[in-house]
$ cat coords09.cif   # mmCIF, C-alpha atoms and all ligand atoms
data_structure
loop_
_atom_site.label_atom_id
_atom_site.label_comp_id
_atom_site.auth_asym_id
_atom_site.auth_seq_id
_atom_site.Cartn_x
_atom_site.Cartn_y
_atom_site.Cartn_z
CA MET A 56 0.00 0.00 0.00
CA ILE A 57 1.32 3.47 -0.86
CA LYS A 58 0.01 5.62 1.97
CA PHE A 59 -1.28 9.14 1.55
CA LEU A 60 0.28 10.25 4.83
CA ASP A 61 1.94 8.12 7.52
CA ILE A 62 2.01 10.14 10.74
CA PHE A 63 3.20 7.19 12.83
CA LYS A 64 6.29 6.68 10.67
CA GLN A 65 6.90 10.42 10.38
CA ASP A 66 7.13 10.87 14.18
CA GLN A 67 8.55 7.49 15.20
CA LYS A 68 11.92 8.93 16.26
CA ILE A 69 10.33 11.34 18.76
CA HIS A 70 7.71 9.02 20.28
CA SER A 71 9.83 8.11 23.33
CA LEU A 72 10.64 11.78 24.00
CA ILE A 73 6.95 12.69 23.82
CA ILE A 74 6.05 9.90 26.26
CA LYS A 75 8.67 11.15 28.72
CA ASP A 76 7.32 14.72 28.46
CA ILE A 77 3.76 13.54 29.09
CA LYS A 78 4.79 11.39 32.08
CA ARG A 79 6.41 14.48 33.59
CA LEU A 80 3.16 16.37 33.04
CA PHE A 81 1.22 13.67 34.93
CA LYS A 82 3.29 14.57 37.98
CA SER A 83 2.98 18.34 37.65
CA GLY A 84 -0.77 18.27 36.84
CA ASP A 85 -0.26 21.41 34.73
CA PHE A 86 -3.00 20.35 32.28
CA ILE A 87 -4.75 23.66 31.42
CA LEU A 88 -2.73 26.54 29.91
CA GLY A 89 0.38 25.00 31.43
CA LYS A 90 4.03 25.85 30.90
CA GLY A 91 4.15 23.68 27.76
CA VAL A 92 1.42 25.81 26.16
CA LEU A 93 3.36 29.03 26.73
CA GLU A 94 6.48 27.34 25.37
CA PHE A 95 4.63 26.28 22.24
CA GLU A 96 3.20 29.76 21.70
CA ASN A 97 6.75 31.12 21.92
CA ASN A 98 8.09 28.47 19.56
CA PHE A 99 5.36 29.13 17.01
CA LYS A 100 5.73 32.90 17.27
CA ASP A 101 9.46 32.47 16.57
CA PHE A 102 8.78 30.03 13.72
CA THR A 103 6.42 32.45 11.97
CA GLU A 104 8.53 35.49 12.90
CA SER A 105 5.44 37.20 14.29
CA LYS A 106 5.11 39.22 17.51
CA TYR A 107 2.35 37.31 19.30
CA ALA A 108 0.82 33.83 19.23
CA ILE A 109 -2.37 32.58 20.92
CA SER A 110 -3.00 28.85 20.93
CA CYS A 111 -6.55 27.48 20.91
CA GLY A 112 -8.66 24.34 20.49
CA ASN A 113 -8.64 23.99 16.68
CA GLY A 114 -8.35 25.88 13.39
CA THR A 115 -12.08 26.60 13.14
CA ASP A 116 -11.98 28.30 16.55
CA ALA A 117 -8.81 30.15 15.56
CA LEU A 118 -10.76 31.80 12.70
CA THR A 119 -13.82 32.40 14.91
CA ILE A 120 -11.74 34.02 17.67
CA ALA A 121 -9.88 36.18 15.14
CA LEU A 122 -13.14 37.44 13.58
CA LYS A 123 -14.81 38.02 16.97
CA SER A 124 -11.83 40.09 18.14
CA LEU A 125 -12.58 42.76 15.50
CA ASN A 126 -15.85 43.79 17.23
CA LEU A 127 -17.66 44.24 13.90
CA PRO A 128 -21.38 44.99 13.57
CA ASN A 129 -23.51 41.87 12.98
CA ASN A 130 -23.76 40.77 9.34
CA SER A 131 -20.71 42.74 8.24
CA GLU A 132 -19.37 41.13 5.08
CA VAL A 133 -16.35 38.84 5.09
CA ILE A 134 -14.97 37.82 1.70
CA ILE A 135 -13.74 34.23 1.43
CA PRO A 136 -12.78 32.02 -1.52
CA ALA A 137 -15.43 29.65 -2.89
CA MET A 138 -12.98 26.74 -2.70
CA THR A 139 -11.87 26.09 0.87
CA TYR A 140 -12.68 23.77 3.74
CA CYS A 141 -16.16 24.33 5.27
CA SER A 142 -14.56 25.77 8.45
CA THR A 143 -13.60 29.05 6.77
CA ALA A 144 -17.29 29.75 6.07
CA PHE A 145 -18.52 28.33 9.39
CA ALA A 146 -16.20 30.61 11.36
CA VAL A 147 -17.74 33.66 9.65
CA PHE A 148 -21.22 32.57 10.83
CA ASN A 149 -19.89 31.66 14.29
CA ALA A 150 -18.75 35.27 14.62
CA GLY A 151 -22.18 36.62 13.55
CA LEU A 152 -20.90 37.85 10.17
CA LYS A 153 -21.85 37.23 6.53
CA PRO A 154 -19.64 35.30 4.08
CA ILE A 155 -19.33 36.58 0.51
CA LEU A 156 -17.82 34.10 -1.94
CA VAL A 157 -15.20 34.88 -4.56
CA ASP A 158 -13.91 32.47 -7.22
CA THR A 159 -10.41 31.02 -7.20
CA GLU A 160 -7.95 31.94 -9.93
CA PHE A 161 -7.94 29.73 -13.05
CA LEU A 162 -5.75 26.65 -12.36
CA LYS A 163 -4.58 28.14 -9.05
CA PRO A 164 -5.83 27.16 -5.61
CA THR A 165 -6.12 30.72 -4.28
CA ILE A 166 -8.57 33.64 -4.47
CA ASP A 167 -8.98 35.51 -7.76
CA LEU A 168 -8.21 39.22 -7.40
CA TYR A 169 -10.35 40.36 -10.36
CA ASP A 170 -13.45 38.74 -8.87
CA LEU A 171 -12.42 39.97 -5.41
CA LYS A 172 -12.23 43.58 -6.57
CA LYS A 173 -15.81 43.37 -7.87
CA LYS A 174 -17.12 42.09 -4.53
CA ILE A 175 -15.59 44.76 -2.28
CA ASN A 176 -18.16 47.34 -1.14
CA ARG A 177 -19.07 49.54 1.86
CA LYS A 178 -20.22 46.52 3.86
CA THR A 179 -16.93 44.63 3.38
CA LYS A 180 -15.07 44.56 6.67
CA VAL A 181 -12.70 41.61 6.26
CA ILE A 182 -10.92 39.88 3.40
CA LEU A 183 -10.12 36.30 4.39
CA PRO A 184 -7.95 34.56 1.78
CA VAL A 185 -6.97 30.90 2.23
CA HIS A 186 -3.50 29.61 1.37
CA LEU A 187 -5.00 26.41 0.05
CA TYR A 188 -2.66 23.38 -0.27
CA GLY A 189 0.10 25.62 1.17
CA SER A 190 0.06 27.87 -1.90
CA VAL A 191 0.11 31.50 -0.87
CA ALA A 192 -2.62 33.94 -1.97
CA ASP A 193 -1.60 37.29 -3.47
CA LEU A 194 -1.55 39.13 -0.13
CA THR A 195 0.33 42.12 -1.58
CA GLY A 196 -2.29 42.48 -4.33
CA ILE A 197 -5.09 42.29 -1.74
CA LYS A 198 -3.36 44.93 0.42
CA LYS A 199 -3.26 47.25 -2.61
CA LEU A 200 -6.99 46.72 -3.21
CA ILE A 201 -7.93 47.63 0.37
CA LYS A 202 -5.40 50.41 0.90
CA LYS A 203 -6.98 53.38 2.68
CA LYS A 204 -10.18 51.36 3.25
CA LYS A 205 -11.16 50.23 6.76
CA ILE A 206 -10.93 46.55 5.88
CA PHE A 207 -9.06 43.92 7.90
CA LEU A 208 -6.96 41.18 6.31
CA ILE A 209 -7.07 37.81 8.07
CA ASP A 210 -5.43 34.83 6.36
CA ASP A 211 -6.47 31.20 6.79
CA CYS A 212 -3.08 29.49 7.09
CA ALA A 213 -4.46 26.07 8.10
CA GLN A 214 -2.51 24.47 5.23
CA ALA A 215 0.52 26.76 5.02
CA HIS A 216 2.79 26.35 8.06
CA GLY A 217 6.19 27.49 6.81
CA SER A 218 5.25 28.93 3.40
CA LEU A 219 6.75 32.32 2.63
CA ASP A 220 4.67 35.30 1.55
CA ASP A 221 5.55 34.87 -2.13
CA SER A 222 3.53 37.94 -3.05
CA MET A 223 6.19 40.21 -1.49
CA ILE A 224 8.44 41.96 -3.98
CA VAL A 225 11.54 41.90 -1.79
CA LYS A 226 14.58 39.65 -1.61
CA LYS A 227 13.95 38.28 1.86
CA LYS A 228 10.31 37.28 1.96
CA LYS A 229 8.52 37.02 5.29
CA LYS A 230 6.92 33.88 6.63
CA ILE A 231 3.17 33.33 6.38
CA GLY A 232 1.74 34.22 9.78
CA SER A 233 3.52 37.55 9.99
CA THR A 234 2.23 39.68 7.11
CA THR A 235 -1.49 40.30 7.75
CA ASP A 236 -3.62 41.63 10.65
CA ILE A 237 -4.28 38.12 11.96
CA SER A 238 -3.22 34.65 10.77
CA CYS A 239 -5.06 31.47 11.76
CA PHE A 240 -3.56 27.97 11.74
CA SER A 241 -5.07 24.54 12.25
CA LEU A 242 -2.89 21.94 13.96
CA TYR A 243 -5.18 19.01 13.11
CA PRO A 244 -3.18 15.73 13.02
CA GLY A 245 -2.84 15.58 9.20
CA LYS A 246 -1.57 19.14 8.83
CA ASN A 247 2.11 19.93 8.06
CA LEU A 248 2.38 20.62 11.80
CA GLY A 249 -0.21 18.44 13.49
CA ALA A 250 -1.06 17.53 17.10
CA TYR A 251 -2.39 14.14 18.23
CA GLY A 252 -5.90 15.53 18.48
CA ASP A 253 -7.52 18.89 17.73
CA ALA A 254 -5.43 22.05 18.11
CA GLY A 255 -5.00 25.49 16.57
CA ILE A 256 -3.00 28.71 16.87
CA ILE A 257 -3.35 32.38 15.90
CA THR A 258 -0.56 34.87 15.20
CA THR A 259 -0.61 38.67 15.01
CA ASN A 260 1.68 41.68 15.30
CA ASN A 261 -1.11 43.79 16.83
CA LYS A 262 -0.98 44.03 20.64
CA VAL A 263 -4.60 45.21 21.05
CA LEU A 264 -5.96 42.29 19.00
CA TYR A 265 -3.59 39.91 20.80
CA ASP A 266 -4.92 40.95 24.21
CA ARG A 267 -8.52 40.53 23.05
CA MET A 268 -7.97 37.14 21.38
CA LYS A 269 -6.09 35.79 24.39
CA LYS A 270 -9.17 36.50 26.48
CA ILE A 271 -11.75 35.33 23.90
CA ARG A 272 -10.18 31.85 23.68
CA ASN A 273 -10.46 31.53 27.49
CA LEU A 274 -14.10 32.45 28.22
CA GLY A 275 -13.33 36.15 27.84
CA SER A 276 -10.85 36.15 30.67
CA ASP A 277 -7.14 36.34 31.46
CA LYS A 278 -7.68 36.65 35.20
CA LYS A 279 -9.73 34.32 37.36
CA PHE A 280 -13.39 35.49 37.74
CA LYS A 281 -12.76 38.60 35.58
CA HIS A 282 -14.66 38.07 32.29
CA ASP A 283 -14.41 40.97 29.85
CA TYR A 284 -15.93 39.34 26.74
CA ILE A 285 -18.34 36.56 25.81
CA GLY A 286 -15.67 34.08 24.90
CA LEU A 287 -15.11 30.47 23.88
CA ASN A 288 -13.65 27.65 25.92
CA SER A 289 -11.00 26.94 23.31
CA ARG A 290 -7.70 26.35 25.05
CA LEU A 291 -4.90 24.19 23.71
CA ASP A 292 -4.37 21.16 26.00
CA THR A 293 -0.94 21.09 27.61
CA ILE A 294 -0.56 17.46 26.45
CA GLN A 295 -0.98 18.56 22.82
CA ALA A 296 1.41 21.47 23.38
CA LEU A 297 4.12 19.06 24.57
CA ILE A 298 3.65 16.98 21.41
CA LEU A 299 3.75 20.10 19.23
CA ASN A 300 6.91 21.39 20.97
CA ARG A 301 8.69 18.21 19.87
CA LYS A 302 7.17 18.18 16.39
CA ILE A 303 7.81 21.82 15.47
CA LYS A 304 11.55 21.10 15.45
CA ASN A 305 11.04 18.82 12.41
CA LEU A 306 8.61 21.06 10.54
CA SER A 307 11.05 22.79 8.16
CA PHE A 308 12.82 19.51 7.39
CA LEU A 309 9.53 17.78 6.56
CA ASN A 310 8.34 20.76 4.49
CA LYS A 311 11.51 20.49 2.39
CA LYS A 312 10.75 16.82 1.80
CA ARG A 313 7.23 17.71 0.65
CA GLN A 314 8.71 20.30 -1.73
CA LYS A 315 11.03 17.65 -3.19
CA ILE A 316 8.09 15.33 -3.81
CA ALA A 317 6.17 18.16 -5.52
CA LYS A 318 9.21 18.89 -7.68
CA PHE A 319 9.27 15.25 -8.74
CA TYR A 320 5.55 15.31 -9.58
CA ASN A 321 5.96 18.60 -11.50
CA LYS A 322 8.77 17.22 -13.60
CA ASN A 323 7.56 13.70 -14.19
CA ILE A 324 3.80 13.85 -14.58
CA LEU A 325 3.49 14.13 -18.33
CA ASN A 326 0.04 13.29 -19.60
CA LYS A 327 -2.09 15.57 -21.73
CA ASN A 328 -5.20 14.39 -19.88
CA VAL A 329 -3.79 15.71 -16.63
CA ILE A 330 -3.52 19.37 -15.64
CA LYS A 331 -1.01 20.46 -13.03
CA LEU A 332 -1.95 23.46 -10.88
CA ASN A 333 0.18 26.56 -10.40
CA TYR A 334 1.41 26.75 -6.82
CA SER A 335 3.18 29.70 -5.21
CA LYS A 336 6.98 29.54 -5.29
CA SER A 337 7.63 28.54 -1.69
CA CYS A 338 4.48 26.42 -1.26
CA VAL A 339 4.84 23.81 1.50
CA TYR A 340 2.51 21.41 -0.33
CA HIS A 341 0.05 20.42 2.33
CA GLN A 342 -1.59 18.84 -0.70
CA TYR A 343 -0.50 18.19 -4.26
CA VAL A 344 -3.66 18.30 -6.36
CA ILE A 345 -3.94 17.53 -10.08
CA LEU A 346 -6.95 17.97 -12.34
CA VAL A 347 -8.07 14.91 -14.26
CA LYS A 348 -11.11 14.85 -16.56
CA ASN A 349 -11.56 11.10 -16.30
CA LYS A 350 -11.08 11.12 -12.53
CA ASN A 351 -12.97 7.83 -12.04
CA GLU A 352 -10.55 6.04 -14.37
CA LEU A 353 -7.59 7.24 -12.32
CA ILE A 354 -9.34 6.26 -9.09
CA LYS A 355 -9.83 2.72 -10.48
CA LYS A 356 -6.13 2.51 -11.40
CA PHE A 357 -5.01 3.87 -8.02
CA ASN A 358 -7.25 1.33 -6.26
CA SER A 359 -5.88 -1.57 -8.29
CA LYS A 360 -2.28 -0.52 -7.54
CA LYS A 361 -3.12 0.15 -3.87
CA ILE A 362 -2.21 3.83 -4.10
CA ASP A 363 -3.97 6.05 -1.54
CA PHE A 364 -5.46 9.39 -2.67
CA GLY A 365 -7.72 12.17 -1.40
CA PHE A 366 -10.06 15.01 -2.43
CA HIS A 367 -9.53 18.61 -1.29
CA TYR A 368 -12.35 19.26 -1.73
CA PRO A 369 -15.07 17.47 -3.74
CA PHE A 370 -17.53 20.35 -3.14
CA ALA A 371 -16.98 24.11 -3.28
CA ILE A 372 -18.58 26.08 -0.43
CA HIS A 373 -21.75 26.97 -2.39
CA GLN A 374 -22.19 23.30 -3.32
CA LEU A 375 -22.26 22.04 0.28
CA ALA A 376 -25.71 20.82 1.39
CA VAL A 377 -25.82 23.35 4.21
CA PHE A 378 -25.17 26.33 1.89
CA LYS A 379 -26.96 25.28 -1.31
CA LYS A 380 -30.03 27.43 -0.64
CA MET A 381 -28.08 30.43 0.59
CA PHE A 382 -25.86 30.61 -2.51
CA SER A 383 -28.40 29.24 -5.02
CA GLY A 384 -27.86 30.51 -8.56
CA LYS A 385 -24.24 31.52 -7.83
CA LYS A 386 -21.49 30.15 -10.10
CA PHE A 387 -17.78 29.99 -9.34
CA LYS A 388 -16.40 28.13 -12.34
CA ASN A 389 -12.76 27.76 -11.29
CA ALA A 390 -13.67 26.52 -7.81
CA GLU A 391 -16.19 24.12 -9.36
CA LEU A 392 -13.51 22.79 -11.72
CA LEU A 393 -11.23 22.06 -8.75
CA ALA A 394 -14.08 20.26 -6.98
CA LYS A 395 -15.05 18.23 -10.05
CA ASN A 396 -11.67 17.20 -11.43
CA GLY A 397 -9.27 17.56 -8.50
CA ILE A 398 -7.55 14.58 -6.95
CA SER A 399 -4.87 14.80 -4.26
CA LEU A 400 -1.78 12.62 -4.68
CA PRO A 401 0.13 10.98 -1.80
CA ILE A 402 2.28 13.63 -0.12
CA ASP A 403 3.76 11.76 2.82
CA PRO A 404 7.20 13.35 3.35
CA ASN A 405 8.78 9.90 3.65
CA LEU A 406 7.52 8.49 0.35
CA LYS A 407 10.28 6.50 -1.33
CA GLN A 408 11.54 7.19 -4.84
CA ILE A 409 10.22 3.83 -6.02
CA GLU A 410 6.76 4.68 -4.67
CA LEU A 411 6.82 8.08 -6.40
CA LYS A 412 7.74 6.37 -9.67
CA ILE A 413 4.81 3.95 -9.34
CA ILE A 414 2.42 6.87 -8.72
CA VAL A 415 3.74 8.88 -11.67
CA ASN A 416 3.77 5.88 -14.03
CA THR A 417 0.17 5.10 -13.10
CA ILE A 418 -0.87 8.68 -13.88
CA ASN A 419 1.10 8.82 -17.12
CA ALA A 420 -0.47 5.55 -18.32
CA LEU A 421 -3.97 7.02 -17.98
C1 LIG A 501 -8.37 25.73 4.97
C2 LIG A 501 -8.81 25.25 6.34
N1 LIG A 501 -9.40 26.13 7.17
C3 LIG A 501 -9.80 25.77 8.40
C4 LIG A 501 -9.63 24.48 8.87
C5 LIG A 501 -10.18 24.12 10.21
O1 LIG A 501 -9.25 23.57 11.08
P1 LIG A 501 -9.69 22.53 12.21
O2 LIG A 501 -10.03 21.25 11.54
O3 LIG A 501 -8.46 22.43 13.07
O4 LIG A 501 -10.84 23.12 12.94
C6 LIG A 501 -9.00 23.54 8.05
C7 LIG A 501 -8.76 22.18 8.54
O5 LIG A 501 -9.05 21.19 7.99
C8 LIG A 501 -8.60 23.92 6.74
O6 LIG A 501 -8.00 23.06 5.91
#

$ encode --input "coords09.cif" --output "structure tokens"
Amino acid sequence: MIKFLDIFKQDQKIHSLIIKDIKRLFKSGDFILGKGVLEFENNFKDFTESKYAISCGNGTDALTIALKSLNLPNNSEVIIPAMTYCSTAFAVFNAGLKPILVDTEFLKPTIDLYDLKKKINRKTKVILPVHLYGSVADLTGIKKLIKKKKIFLIDDCAQAHGSLDDSMIVKKKKKIGSTTDISCFSLYPGKNLGAYGDAGIITTNNKVLYDRMKKIRNLGSDKKFKHDYIGLNSRLDTIQALILNRKIKNLSFLNKKRQKIAKFYNKNILNKNVIKLNYSKSCVYHQYVILVKNKNELIKKFNSKKIDFGFHYPFAIHQLAVFKKMFSGKKFKNAELLAKNGISLPIDPNLKQIELKIIVNTINAL
């Protein structure tokens, strides 16, 4: 079997260290917002080269907390891409706001700036691009569009831990997580940096927003019995923080391995029935997605060769059962193309060369 992602194998070398850390925690009983959580927030802040980091329960809450911290009037408009995970849209509703969908760019996984420009109006209060598959949205272009307007920029970085802001026109590009008002990360197990359960983290360079978000994730409080906001109970468990403190040390190494795999796919997938997407230059390839017209044929071949695969995602936001009525009559043709023809190839950082060759040969024989 060629696995899509093998987390056990990926972390095998650090398992015994993690167990030791957790045993020590059993003794200290420091389970809620313990020392390990603060250490992880510091480690992640350093990794993203941002000023502040606030850990929380998961990536969906990270987005919800970020949006709530802006204190916007109910039903203010938040622009999101039509192709993303459901959580991006759910977080907007969780915060009492209204999502407005924008198409993705043709053969790119990120938001289309021409369509975005058309959707910005007086009610727009937030632009929320998603760095889907680790490919970075044109943040610099978005900043130009909203210059001098009172619009916040929050990026959904759930799939982009370690990508650089490729939209910057400078020699030394900054890391994703440090170049917008607020950046939100999921640390779900399958992510480039994943916990052994649900987890999330938010970064910002804005002290006022940091102070608010730190309270919102902890029932509106940073002092016992003093509750300043209606908050969430969305704290990162200390156990997960200990695991993440070990795993973050390997993140850049594993990202490089993913980039090597993507390079191999880019070079060796040569089939006119297959379309390769355009990813940003420093993409960390949370997913490597190709477009295939006869997707079912490829699925059959993958199944017969025992090659794992995935879909990210088979439905665009407006096509999800829960949103069909709300967005009825709306068309987002590039997002729909990704949903219809997209298939995600194995991206486990430890895939062997022989396995990669089998995958590529199977695709090329389609
Ligand atoms: C783009 C995107 N946004 C948000 C989320 C939500 O993160 P979580 O599953 O940790 O709540 C995910 C996770 O799958 C995601 O991929």

$ residues_near_ligand --input "coords09.cif" --ligand "ligand LIG 501 (chain A)" --cutoff "8 Å" --atoms "only C-alpha atoms and all ligand atoms" --output "list of chain:residue names"
A:Gly112, A:Asn113, A:Gly114, A:Thr115, A:Asp116, A:Ala117, A:Leu118, A:Thr139, A:Tyr140, A:Cys141, A:Ser142, A:Thr143, A:Val185, A:His186, A:Leu187, A:Asp211, A:Cys212, A:Ala213, A:Gln214, A:Phe240, A:Ser241, A:Leu242, A:Tyr243, A:Lys246, A:Asp253, A:Ala254, A:Gly255

$ atom_distance --input "coords09.cif" --atom1 "atom CA of A:Lys386" --atom2 "atom CA of A:Ile166"
14.5 Å

$ residues_around --input "coords09.cif" --residues "stretch 359-362 of chain A" --least-positions-apart "5" --cutoff "10 Å" --atoms "all atoms listed in the file" --output "list in words"
Met56, Ile57, Lys58, Phe59, Leu353, Ile354, Leu400, Pro401, Glu410, Ile413, Ile414 and Thr417 of chain A

$ residues_around --input "coords09.cif" --residues "A:Pro404" --least-positions-apart "3" --cutoff "7 Å" --atoms "only C-alpha atoms" --output "list in words"
Leu309, Lys312 and Arg313 of chain A

$ residues_around --input "coords09.cif" --residues "A:Ala108" --least-positions-apart "6" --cutoff "8 Å" --atoms "all atoms listed in the file" --output "JSON, numbers by chain"
{"A": [96, 97, 99, 100, 256, 257, 258, 259, 265]}

$ closest_residue --input "coords09.cif" --among "A:Asp76, A:Glu94, A:Glu132, A:Asp193" --to "A:Ile109" --atoms "all atoms listed in the file"
A:Glu94

$ atom_distance --input "coords09.cif" --atom1 "atom CA of A:Thr179" --atom2 "atom CA of A:Lys380"
22.0 Å
